[in-house]
>>> print(open('coords_26.csv').read())   # CSV, C-alpha atoms
chain,number,residue,atom,x,y,z
X,182,MET,CA,79.9,110.1,98.0
X,183,LYS,CA,79.2,112.9,100.5
X,184,VAL,CA,80.9,110.9,103.2
X,185,VAL,CA,84.0,110.6,101.0
X,186,ARG,CA,84.2,114.4,100.4
X,187,ASP,CA,83.8,115.6,103.9
X,188,THR,CA,86.7,113.5,105.1
X,189,GLU,CA,89.1,115.1,102.6
X,190,ASP,CA,92.5,115.9,103.8
X,191,LYS,CA,92.0,114.7,107.3
X,192,GLY,CA,94.9,113.2,109.2
X,193,GLY,CA,96.2,110.8,106.6
X,194,ASN,CA,99.4,112.5,105.6
X,195,LYS,CA,100.1,114.2,108.9
X,196,GLY,CA,100.7,110.9,110.8
X,197,GLY,CA,102.8,109.7,107.8
X,198,GLY,CA,106.1,111.0,109.0
X,199,GLU,CA,106.0,109.5,112.4
X,200,LYS,CA,104.6,106.2,111.2
X,201,ARG,CA,107.3,106.0,108.6
X,202,LYS,CA,110.0,106.3,111.3
X,203,TRP,CA,108.5,103.5,113.3
X,204,TYR,CA,108.2,101.3,110.3
X,205,LYS,CA,111.8,102.0,109.4
X,206,HIS,CA,112.8,100.0,112.5
X,207,TYR,CA,110.0,97.6,112.0
X,208,ASP,CA,111.3,96.4,108.7
X,209,LEU,CA,114.8,95.9,110.1
X,210,TYR,CA,113.4,93.9,113.1
X,211,PHE,CA,111.5,91.8,110.6
X,212,LEU,CA,114.5,91.1,108.5
X,213,VAL,CA,116.7,90.3,111.6
X,214,SER,CA,114.0,88.0,113.0
X,215,VAL,CA,113.8,86.1,109.7
X,216,ILE,CA,117.6,85.7,109.6
X,217,PHE,CA,117.5,84.6,113.2
X,218,LEU,CA,114.9,82.0,112.3
X,219,TYR,CA,117.2,80.7,109.6
X,220,LEU,CA,120.1,80.5,112.1
X,221,ILE,CA,118.0,78.5,114.5
X,222,LEU,CA,116.8,76.2,111.8
X,223,PHE,CA,120.4,75.8,110.6
X,224,PHE,CA,121.3,73.9,113.7
X,225,PHE,CA,118.4,71.4,113.3
X,226,ASP,CA,118.1,70.9,109.6
X,227,GLN,CA,120.9,72.2,107.5
X,228,GLU,CA,119.6,70.7,104.3
X,229,SER,CA,116.2,72.5,104.4
X,230,VAL,CA,117.9,75.7,105.1
X,231,TYR,CA,120.1,75.3,102.1
X,232,SER,CA,117.1,74.5,99.9
X,233,SER,CA,115.2,77.4,101.3
X,234,LEU,CA,118.2,79.7,100.4
X,235,LYS,CA,118.2,78.2,97.0
X,236,VAL,CA,114.5,78.9,96.5
X,237,THR,CA,115.1,82.4,97.9
X,238,GLY,CA,117.9,83.0,95.3
X,239,ASN,CA,115.7,81.7,92.5
X,240,ILE,CA,112.9,84.0,93.5
X,241,PHE,CA,115.3,87.0,93.6
X,242,ILE,CA,116.5,86.1,90.1
X,243,GLN,CA,113.0,86.1,88.9
X,244,ILE,CA,111.9,89.3,90.5
X,245,ILE,CA,115.0,91.4,89.6
X,246,PRO,CA,113.8,92.2,86.1
X,247,ILE,CA,110.4,93.1,87.5
X,248,LEU,CA,112.1,95.3,90.1
X,249,PHE,CA,113.7,97.3,87.3
X,250,PHE,CA,110.3,97.7,85.7
X,251,VAL,CA,108.9,98.9,89.0
X,252,ILE,CA,111.8,101.5,89.4
X,253,ILE,CA,111.1,102.8,85.9
X,254,PHE,CA,107.4,102.9,86.7
X,255,MET,CA,108.0,104.8,90.0
X,256,ALA,CA,110.4,107.3,88.4
X,257,LEU,CA,108.0,108.0,85.5
X,258,ILE,CA,105.1,108.4,87.9
X,259,ASP,CA,107.1,110.7,90.1
X,260,TYR,CA,108.1,112.8,87.1
X,261,PHE,CA,104.8,113.0,85.3
X,262,LEU,CA,102.2,112.6,88.0
X,263,HIS,CA,101.5,115.6,90.2
X,264,PRO,CA,99.6,114.8,93.4
X,265,LYS,CA,96.8,116.8,92.0
X,266,THR,CA,96.6,114.5,88.9
X,267,VAL,CA,96.7,111.4,91.1
X,268,ALA,CA,93.9,112.9,93.2
X,269,LYS,CA,91.9,113.5,90.1
X,270,TYR,CA,92.1,110.0,88.8
X,271,VAL,CA,92.4,107.8,91.9
X,272,GLY,CA,91.9,110.3,94.8
X,273,LYS,CA,88.8,111.1,96.8
X,274,GLY,CA,85.8,111.7,94.7
X,275,SER,CA,87.4,110.0,91.6
X,276,GLY,CA,84.3,107.9,91.2
X,277,ILE,CA,83.7,105.1,88.8
X,278,LYS,CA,86.7,106.0,86.7
X,279,GLY,CA,88.9,105.5,89.8
X,280,TRP,CA,87.6,102.0,90.4
X,281,PHE,CA,87.9,101.1,86.8
X,282,LEU,CA,91.5,102.3,86.7
X,283,ALA,CA,92.5,100.6,89.9
X,284,ILE,CA,91.0,97.2,88.9
X,285,SER,CA,92.2,97.3,85.3
X,286,THR,CA,95.8,98.2,86.3
X,287,GLY,CA,95.6,95.5,89.0
X,288,ILE,CA,94.7,93.0,86.3
X,289,ILE,CA,97.5,94.1,84.0
X,290,SER,CA,100.2,94.5,86.7
X,291,HIS,CA,102.5,91.5,87.1
X,292,GLY,CA,105.2,90.2,89.4
X,293,PRO,CA,104.8,89.4,93.1
X,294,ILE,CA,102.5,91.5,95.2
X,295,TYR,CA,105.2,92.8,97.6
X,296,ILE,CA,107.2,94.7,95.0
X,297,TRP,CA,104.1,96.9,94.4
X,298,TYR,CA,103.8,98.0,98.0
X,299,PRO,CA,106.4,100.9,97.8
X,300,LEU,CA,104.7,102.2,94.7
X,301,LEU,CA,101.3,102.0,96.3
X,302,ARG,CA,102.6,103.8,99.3
X,303,ASP,CA,103.9,106.6,97.1
X,304,LEU,CA,100.6,106.9,95.3
X,305,ARG,CA,98.7,106.9,98.6
X,306,ASP,CA,101.0,109.7,99.9
X,307,LYS,CA,100.1,111.5,96.7
X,308,GLY,CA,96.4,111.1,97.4
X,309,MET,CA,95.2,107.7,96.2
X,310,ARG,CA,92.2,106.3,98.0
X,311,SER,CA,92.8,103.2,100.2
X,312,GLY,CA,89.7,101.5,98.8
X,313,LEU,CA,91.3,101.7,95.4
X,314,ILE,CA,94.5,100.3,96.7
X,315,ALA,CA,92.6,97.4,98.1
X,316,ALA,CA,90.7,96.9,94.8
X,317,PHE,CA,94.0,97.0,92.9
X,318,LEU,CA,95.6,94.4,95.2
X,319,TYR,CA,92.5,92.1,94.9
X,320,SER,CA,92.1,92.3,91.2
X,321,ARG,CA,95.8,91.2,90.9
X,322,ALA,CA,94.5,87.7,91.4
X,323,ILE,CA,93.4,87.8,87.8
X,324,LYS,CA,96.5,87.2,85.8
X,325,ILE,CA,96.1,87.5,82.1
X,326,PRO,CA,99.3,85.6,81.1
X,327,LEU,CA,98.3,82.8,83.4
X,328,LEU,CA,94.7,82.4,82.1
X,329,PRO,CA,95.6,79.6,79.6
X,330,LEU,CA,97.1,77.6,82.4
X,331,MET,CA,94.0,78.2,84.6
X,332,VAL,CA,91.9,77.0,81.7
X,333,TYR,CA,94.1,74.0,81.3
X,334,TYR,CA,93.6,73.0,84.9
X,335,PHE,CA,90.0,74.0,85.7
X,336,GLY,CA,88.3,74.4,82.3
X,337,ALA,CA,87.3,77.5,80.3
X,338,LEU,CA,83.8,77.7,81.8
X,339,PHE,CA,85.3,77.9,85.4
X,340,VAL,CA,87.6,80.7,84.4
X,341,VAL,CA,84.8,82.6,82.6
X,342,VAL,CA,82.6,82.3,85.7
X,343,LEU,CA,85.3,83.1,88.3
X,344,LEU,CA,86.7,86.2,86.7
X,345,PRO,CA,83.6,88.4,86.9
X,346,TYR,CA,83.1,87.4,90.5
X,347,MET,CA,86.7,88.3,91.2
X,348,VAL,CA,86.1,91.8,89.8
X,349,ILE,CA,83.0,92.2,91.9
X,350,ALA,CA,84.9,91.0,95.0
X,351,SER,CA,87.6,93.5,94.4
X,352,LEU,CA,84.9,96.2,94.2
X,353,ILE,CA,83.3,95.0,97.4
X,354,GLU,CA,86.6,94.8,99.3
X,355,GLY,CA,87.5,98.3,98.2
X,356,GLN,CA,84.1,99.7,99.2
X,357,ILE,CA,84.1,98.1,102.6
X,358,ILE,CA,87.6,99.3,103.4
X,359,GLU,CA,86.6,102.8,102.4
X,360,LEU,CA,83.6,102.6,104.6
X,361,ILE,CA,85.7,101.5,107.5
X,362,GLU,CA,88.4,104.2,106.9
X,363,ASN,CA,85.7,106.9,106.6
X,364,ARG,CA,84.2,105.8,109.8
X,365,LYS,CA,87.6,106.1,111.5
X,366,ASP,CA,88.1,109.5,110.1
X,367,LYS,CA,84.7,110.6,111.4
X,368,LEU,CA,85.4,109.3,114.8
X,369,GLN,CA,88.6,111.2,115.1
P,163,MET,CA,118.2,118.7,77.8
P,164,GLU,CA,114.7,119.4,76.8
P,165,GLU,CA,113.5,118.6,80.3
P,166,LYS,CA,115.3,121.6,81.6
P,167,LYS,CA,113.3,123.9,79.3
P,168,GLY,CA,110.3,122.0,80.3
P,169,MET,CA,111.0,122.8,83.9
P,170,THR,CA,109.0,126.0,83.6
P,171,ASN,CA,106.6,123.1,83.8
P,172,PRO,CA,103.5,121.9,82.2
P,173,LYS,CA,101.8,121.4,85.6
P,174,PRO,CA,100.4,124.1,87.7
P,175,VAL,CA,102.8,123.6,90.6
P,176,GLY,CA,102.4,125.6,93.7
P,177,GLY,CA,105.7,125.7,95.7
P,178,GLU,CA,106.8,122.2,94.5
P,179,LYS,CA,110.4,121.5,93.8
P,180,ALA,CA,111.4,121.7,90.1
P,181,LYS,CA,111.6,118.2,88.8
P,182,SER,CA,114.0,116.5,86.5
P,183,ILE,CA,113.8,112.9,85.3
P,184,VAL,CA,117.1,112.2,86.9
P,185,MET,CA,115.9,113.2,90.3
P,186,SER,CA,112.8,111.1,89.7
P,187,PHE,CA,114.9,108.1,89.0
P,188,TYR,CA,117.1,108.9,92.0
P,189,ARG,CA,114.0,109.1,94.2
P,190,ALA,CA,112.7,105.8,92.8
P,191,PHE,CA,116.0,104.1,93.5
P,192,LYS,CA,116.1,105.5,97.0
P,193,ASN,CA,112.5,104.5,97.7
P,194,LEU,CA,113.0,100.9,96.5
P,195,GLY,CA,116.3,100.8,98.3
P,196,SER,CA,114.6,101.6,101.6
P,197,ALA,CA,112.1,98.8,100.8
P,198,LEU,CA,114.9,96.2,100.3
P,199,PRO,CA,115.2,94.9,103.9
P,200,THR,CA,111.4,94.1,103.9
P,201,LEU,CA,111.6,92.6,100.5
P,202,LEU,CA,114.6,90.5,101.4
P,203,GLY,CA,112.8,89.3,104.6
P,204,VAL,CA,109.6,88.4,102.7
P,205,VAL,CA,111.5,86.4,100.1
P,206,LEU,CA,113.6,84.6,102.7
P,207,LEU,CA,110.3,83.7,104.5
P,208,LEU,CA,108.8,82.5,101.3
P,209,GLY,CA,111.9,80.3,100.7
P,210,LEU,CA,111.4,78.7,104.1
P,211,PHE,CA,107.7,78.2,103.4
P,212,LEU,CA,108.2,76.6,100.0
P,213,ALA,CA,110.9,74.3,101.3
P,214,TYR,CA,108.9,73.1,104.3
P,215,VAL,CA,105.3,72.8,103.1
P,216,SER,CA,104.7,70.1,100.6
P,217,LYS,CA,101.8,69.4,98.3
P,218,GLN,CA,101.1,66.2,100.2
P,219,PHE,CA,100.8,68.1,103.4
P,220,ILE,CA,98.3,70.6,101.9
P,221,ALA,CA,96.2,67.7,100.5
P,222,SER,CA,96.2,66.0,103.9
P,223,VAL,CA,94.4,68.8,105.7
P,224,PHE,CA,91.1,68.5,103.8
P,225,THR,CA,88.2,66.6,105.5
P,226,GLY,CA,85.6,66.0,102.8
P,227,GLU,CA,83.0,68.2,104.3
P,228,LEU,CA,82.0,70.9,101.9
P,229,PHE,CA,81.8,74.0,104.0
P,230,ILE,CA,84.6,73.1,106.3
P,231,ASP,CA,86.8,72.3,103.3
P,232,THR,CA,86.0,75.6,101.7
P,233,VAL,CA,87.1,77.4,104.9
P,234,ILE,CA,90.2,75.2,105.1
P,235,GLY,CA,90.9,75.9,101.4
P,236,SER,CA,90.6,79.6,102.1
P,237,ALA,CA,92.9,79.3,105.1
P,238,VAL,CA,95.5,77.2,103.5
P,239,GLY,CA,95.6,79.6,100.5
P,240,SER,CA,95.9,82.5,102.9
P,241,ILE,CA,98.9,81.1,104.6
P,242,SER,CA,100.6,80.1,101.4
P,243,ALA,CA,102.0,82.4,98.9
P,244,GLY,CA,104.2,82.4,95.8
P,245,ASN,CA,103.7,82.1,92.1
P,246,PRO,CA,100.0,81.6,91.3
P,247,ILE,CA,101.1,78.9,88.9
P,248,THR,CA,101.9,76.8,92.0
P,249,SER,CA,98.4,77.3,93.3
P,250,TYR,CA,96.9,76.1,90.0
P,251,ILE,CA,99.1,73.0,90.0
P,252,ILE,CA,98.3,72.2,93.7
P,253,GLY,CA,94.6,72.9,93.0
P,254,GLY,CA,94.7,70.6,90.0
P,255,GLU,CA,96.2,67.9,92.0
P,256,LEU,CA,93.8,68.4,94.9
P,257,MET,CA,91.0,68.0,92.4
P,258,LYS,CA,92.4,64.6,91.3
P,259,GLU,CA,92.5,63.7,95.0
P,260,GLY,CA,88.7,64.4,95.2
P,261,VAL,CA,88.8,67.6,97.1
P,262,SER,CA,85.7,69.7,96.2
P,263,LEU,CA,85.9,72.6,93.7
P,264,PHE,CA,84.5,74.9,96.5
P,265,ALA,CA,87.6,74.4,98.5
P,266,ILE,CA,90.0,74.6,95.5
P,267,THR,CA,88.4,77.8,94.3
P,268,ALA,CA,88.8,79.4,97.7
P,269,PHE,CA,92.3,78.1,97.9
P,270,ILE,CA,93.5,79.6,94.5
P,271,VAL,CA,91.7,82.9,95.3
P,272,THR,CA,93.2,83.4,98.7
P,273,TRP,CA,96.6,82.3,97.4
P,274,VAL,CA,96.9,85.6,95.6
P,275,THR,CA,94.6,87.9,97.5
P,276,VAL,CA,95.4,87.1,101.1
P,277,SER,CA,98.9,86.4,102.3
P,278,ILE,CA,100.2,85.9,105.8
P,279,VAL,CA,103.7,85.6,104.5
P,280,HIS,CA,103.5,89.0,102.9
P,281,PHE,CA,101.6,90.6,105.8
P,282,PRO,CA,104.7,92.2,107.5
P,283,ALA,CA,105.6,93.9,104.2
P,284,GLU,CA,102.1,95.0,103.6
P,285,ALA,CA,101.8,96.3,107.1
P,286,ALA,CA,105.1,98.2,106.8
P,287,PHE,CA,104.2,100.0,103.6
P,288,LEU,CA,100.4,100.4,103.8
P,289,GLY,CA,99.8,100.3,107.5
P,290,ARG,CA,99.0,97.5,109.9
P,291,ARG,CA,95.3,98.4,110.2
P,292,PHE,CA,94.9,98.5,106.4
P,293,ALA,CA,96.7,95.2,105.9
P,294,PHE,CA,94.7,93.5,108.7
P,295,ILE,CA,91.3,94.6,107.4
P,296,ARG,CA,92.2,93.9,103.8
P,297,ASN,CA,93.4,90.4,104.5
P,298,SER,CA,90.5,89.5,106.7
P,299,LEU,CA,88.0,90.8,104.2
P,300,GLY,CA,89.9,88.9,101.5
P,301,PHE,CA,89.6,85.7,103.5
P,302,ILE,CA,85.8,86.0,103.8
P,303,LEU,CA,85.3,87.2,100.2
P,304,ALA,CA,87.2,84.2,98.9
P,305,ILE,CA,84.7,81.9,100.5
P,306,LEU,CA,81.9,83.9,99.0
P,307,VAL,CA,83.5,84.0,95.6
P,308,SER,CA,84.0,80.2,95.6
P,309,ILE,CA,80.4,79.6,96.6
P,310,ALA,CA,79.2,82.0,93.9
P,311,THR,CA,81.4,80.5,91.3
P,312,VAL,CA,80.8,76.9,91.9
P,313,THR,CA,77.0,77.4,92.4
P,314,THR,CA,76.9,79.3,89.1
P,315,LEU,CA,78.8,76.5,87.4
P,316,MET,CA,76.3,74.0,88.8
P,317,VAL,CA,73.4,76.0,87.6
P,318,ILE,CA,74.9,76.4,84.1
P,319,GLN,CA,75.8,72.7,83.7
>>> encode(input="coords_26.csv", output="structure tokens")
Amino acid sequence: MKVVRDTEDKGGNKGGGEKRKWYKHYDLYFLVSVIFLYLILFFFDQESVYSSLKVTGNIFIQIIPILFFVIIFMALIDYFLHPKTVAKYVGKGSGIKGWFLAISTGIISHGPIYIWYPLLRDLRDKGMRSGLIAAFLYSRAIKIPLLPLMVYYFGALFVVVLLPYMVIASLIEGQIIELIENRKDKLQ
Amino acid sequence: MEEKKGMTNPKPVGGEKAKSIVMSFYRAFKNLGSALPTLLGVVLLLGLFLAYVSKQFIASVFTGELFIDTVIGSAVGSISAGNPITSYIIGGELMKEGVSLFAITAFIVTWVTVSIVHFPAEAAFLGRRFAFIRNSLGFILAILVSIATVTTLMVIQ
């Protein structure tokens, strides 16, 4: 706990601006290289490229409703949550409540993982601990709507045993990430 | 309209801009808009992945040795991504093929928790270092989770 406190407000946000700029180009490079990959493949295997595009289209159709949900979520968070509030619940020194909140929202959250990244970045800029972000991302592996399906394939007992271990694993992952980040802060 | 009155603000704001819900929505749109190139890239990559990697291919990489298969399961799940339902279906089919539950558990856990396909997006938003550490840890943890789960199951049964 002490370690967490004495690293408060170090660096983190300062580097944010510069890094953001660099990543702005990075995401364009990424998109361009994926498109380039498509173009190259197009010459060798048109059919697969078409079916890839079809799959891509389907995925987009599936995630659009969730994207709207994310936008509403982000707007409401922006409106209601002051950085101080964020810091209180999921910031440094938020304690057990923070872990509980991160893991339970991770379990409830749905949709693909990548549409949550912008929101998590926002929350981190507002002061959310990175250990909690990791715990959130890990606990997302537990999907309540999909549990019946999991039971169907692997049996109820398997699911009952696996889930607590998943929660423990998300705690461990968050804790280790926090330890590593704190060490980095100390070294700087 | 009431928001305007409320702008004297319930929160103890020090030098923060006054907020309206419209501005909040505008910011959310802008934020997600700036995320679109990455999202588009990831989904396109996912499309390629799903078109090229078949279930048969995934089944063919397992060896039958328990620990190696668990590591392979973890690795294959890390590379793969997409709807978790797909991972259950593949996992179920692998089970029919006689692949051990250790490997399958590691596979379905890393399917969601570790993702090489999503790595560029995660690195862009949350930092390369964070993404790298998180995914590597996820890989190792999946192996541990699968060993713990299957061992517990064996003890119970």
>>> residues_around(input="coords_26.csv", residues="Leu263 (chain P)", least_positions_apart="3", cutoff="12 Å", atoms="only C-alpha atoms", output="mmCIF file with C-alpha atoms, keeping the file's coordinate frame")
data_model
loop_
_atom_site.group_PDB
_atom_site.id
_atom_site.type_symbol
_atom_site.label_atom_id
_atom_site.label_comp_id
_atom_site.auth_asym_id
_atom_site.auth_seq_id
_atom_site.Cartn_x
_atom_site.Cartn_y
_atom_site.Cartn_z
ATOM 1 C CA TYR X 334 93.600 73.000 84.900
ATOM 2 C CA PHE X 335 90.000 74.000 85.700
ATOM 3 C CA GLY X 336 88.300 74.400 82.300
ATOM 4 C CA PHE X 339 85.300 77.900 85.400
ATOM 5 C CA LEU X 343 85.300 83.100 88.300
ATOM 6 C CA GLY P 226 85.600 66.000 102.800
ATOM 7 C CA GLU P 227 83.000 68.200 104.300
ATOM 8 C CA LEU P 228 82.000 70.900 101.900
ATOM 9 C CA PHE P 229 81.800 74.000 104.000
ATOM 10 C CA ASP P 231 86.800 72.300 103.300
ATOM 11 C CA THR P 232 86.000 75.600 101.700
ATOM 12 C CA GLY P 235 90.900 75.900 101.400
ATOM 13 C CA SER P 236 90.600 79.600 102.100
ATOM 14 C CA GLY P 253 94.600 72.900 93.000
ATOM 15 C CA GLY P 254 94.700 70.600 90.000
ATOM 16 C CA GLU P 255 96.200 67.900 92.000
ATOM 17 C CA LEU P 256 93.800 68.400 94.900
ATOM 18 C CA MET P 257 91.000 68.000 92.400
ATOM 19 C CA LYS P 258 92.400 64.600 91.300
ATOM 20 C CA GLU P 259 92.500 63.700 95.000
ATOM 21 C CA GLY P 260 88.700 64.400 95.200
ATOM 22 C CA ILE P 266 90.000 74.600 95.500
ATOM 23 C CA THR P 267 88.400 77.800 94.300
ATOM 24 C CA ALA P 268 88.800 79.400 97.700
ATOM 25 C CA PHE P 269 92.300 78.100 97.900
ATOM 26 C CA ILE P 270 93.500 79.600 94.500
ATOM 27 C CA VAL P 271 91.700 82.900 95.300
ATOM 28 C CA ILE P 305 84.700 81.900 100.500
ATOM 29 C CA VAL P 307 83.500 84.000 95.600
ATOM 30 C CA SER P 308 84.000 80.200 95.600
ATOM 31 C CA ILE P 309 80.400 79.600 96.600
ATOM 32 C CA ALA P 310 79.200 82.000 93.900
ATOM 33 C CA THR P 311 81.400 80.500 91.300
ATOM 34 C CA VAL P 312 80.800 76.900 91.900
ATOM 35 C CA THR P 313 77.000 77.400 92.400
ATOM 36 C CA LEU P 315 78.800 76.500 87.400
ATOM 37 C CA MET P 316 76.300 74.000 88.800
#
>>> closest_atom_pairs(input="coords_26.csv", of="chain P", to="chain X", cutoff="8 Å", atoms="only C-alpha atoms", output="CSV")
residue,atom,partner,partner_atom,distance
P:Lys173,CA,X:His263,CA,7.4
P:Lys181,CA,X:Tyr260,CA,6.7
P:Ser182,CA,X:Tyr260,CA,7.0
P:Ile183,CA,X:Tyr260,CA,6.0
P:Ser186,CA,X:Ala256,CA,4.7
P:Phe187,CA,X:Ala256,CA,4.6
P:Tyr188,CA,X:Ala256,CA,7.8
P:Arg189,CA,X:Ala256,CA,7.1
P:Ala190,CA,X:Ala256,CA,5.2
P:Phe191,CA,X:Ile252,CA,6.4
P:Asn193,CA,X:Pro299,CA,7.1
P:Leu194,CA,X:Pro299,CA,6.7
P:Ala197,CA,X:Pro299,CA,6.8
P:Pro199,CA,X:Leu212,CA,6.0
P:Thr200,CA,X:Asp208,CA,5.3
P:Leu201,CA,X:Tyr295,CA,7.0
P:Leu202,CA,X:Leu212,CA,7.1
P:Gly203,CA,X:Leu212,CA,4.6
P:Val205,CA,X:Thr237,CA,5.8
P:Leu206,CA,X:Thr237,CA,5.5
P:Leu207,CA,X:Val215,CA,6.7
P:Leu208,CA,X:Thr237,CA,7.2
P:Gly209,CA,X:Ser233,CA,4.4
P:Leu210,CA,X:Ser233,CA,4.9
P:Phe211,CA,X:Ser233,CA,7.8
P:Leu212,CA,X:Ser233,CA,7.2
P:Ala213,CA,X:Ser233,CA,5.3
P:Tyr214,CA,X:Ser229,CA,7.3
P:Gly244,CA,X:Pro293,CA,7.5
P:Asn245,CA,X:Pro293,CA,7.4
P:Ile247,CA,X:Leu327,CA,7.3
P:Tyr250,CA,X:Met331,CA,6.5
P:Ile251,CA,X:Tyr334,CA,7.5
P:Gly254,CA,X:Tyr334,CA,5.7
P:Val271,CA,X:Ala322,CA,6.8
P:Val274,CA,X:Ala322,CA,5.3
P:Thr275,CA,X:Tyr319,CA,5.4
P:His280,CA,X:Tyr295,CA,6.7
P:Pro282,CA,X:Phe211,CA,7.5
P:Ala283,CA,X:Tyr295,CA,6.7
P:Glu284,CA,X:Tyr298,CA,6.6
P:Ala286,CA,X:Tyr204,CA,5.6
P:Phe287,CA,X:Arg302,CA,6.0
P:Leu288,CA,X:Arg302,CA,6.1
P:Phe292,CA,X:Ile358,CA,7.9
P:Ile295,CA,X:Ile358,CA,7.2
P:Arg296,CA,X:Ala315,CA,6.7
P:Leu299,CA,X:Glu354,CA,6.5
P:Gly300,CA,X:Glu354,CA,7.1
P:Leu303,CA,X:Ala350,CA,6.5
P:Val307,CA,X:Tyr346,CA,6.1
P:Ser308,CA,X:Leu343,CA,8.0
P:Ala310,CA,X:Tyr346,CA,7.5
P:Thr311,CA,X:Leu343,CA,5.6
P:Val312,CA,X:Phe339,CA,8.0
P:Thr314,CA,X:Val342,CA,7.3
P:Leu315,CA,X:Phe339,CA,6.9
>>> atom_distance(input="coords_26.csv", atom1="CA of Ile284 (chain X)", atom2="CA of Ile252 (chain P)")
26.5 Å
>>> closest_residue(input="coords_26.csv", among="X:Ile247, X:Ile277, X:Ala337, X:Val271", to="Asp306 (chain X)", atoms="all atoms listed in the file")
X:Val271
>>> atom_distance(input="coords_26.csv", atom1="CA of Ile288 (chain X)", atom2="CA of Gly195 (chain P)")
25.9 Å
>>> atom_distance(input="coords_26.csv", atom1="CA of Ser216 (chain P)", atom2="CA of Ile241 (chain P)")
13.1 Å
>>> residues_around(input="coords_26.csv", residues="Asn297 (chain P)", least_positions_apart="6", cutoff="9 Å", atoms="only C-alpha atoms", output="count of residues only")
6
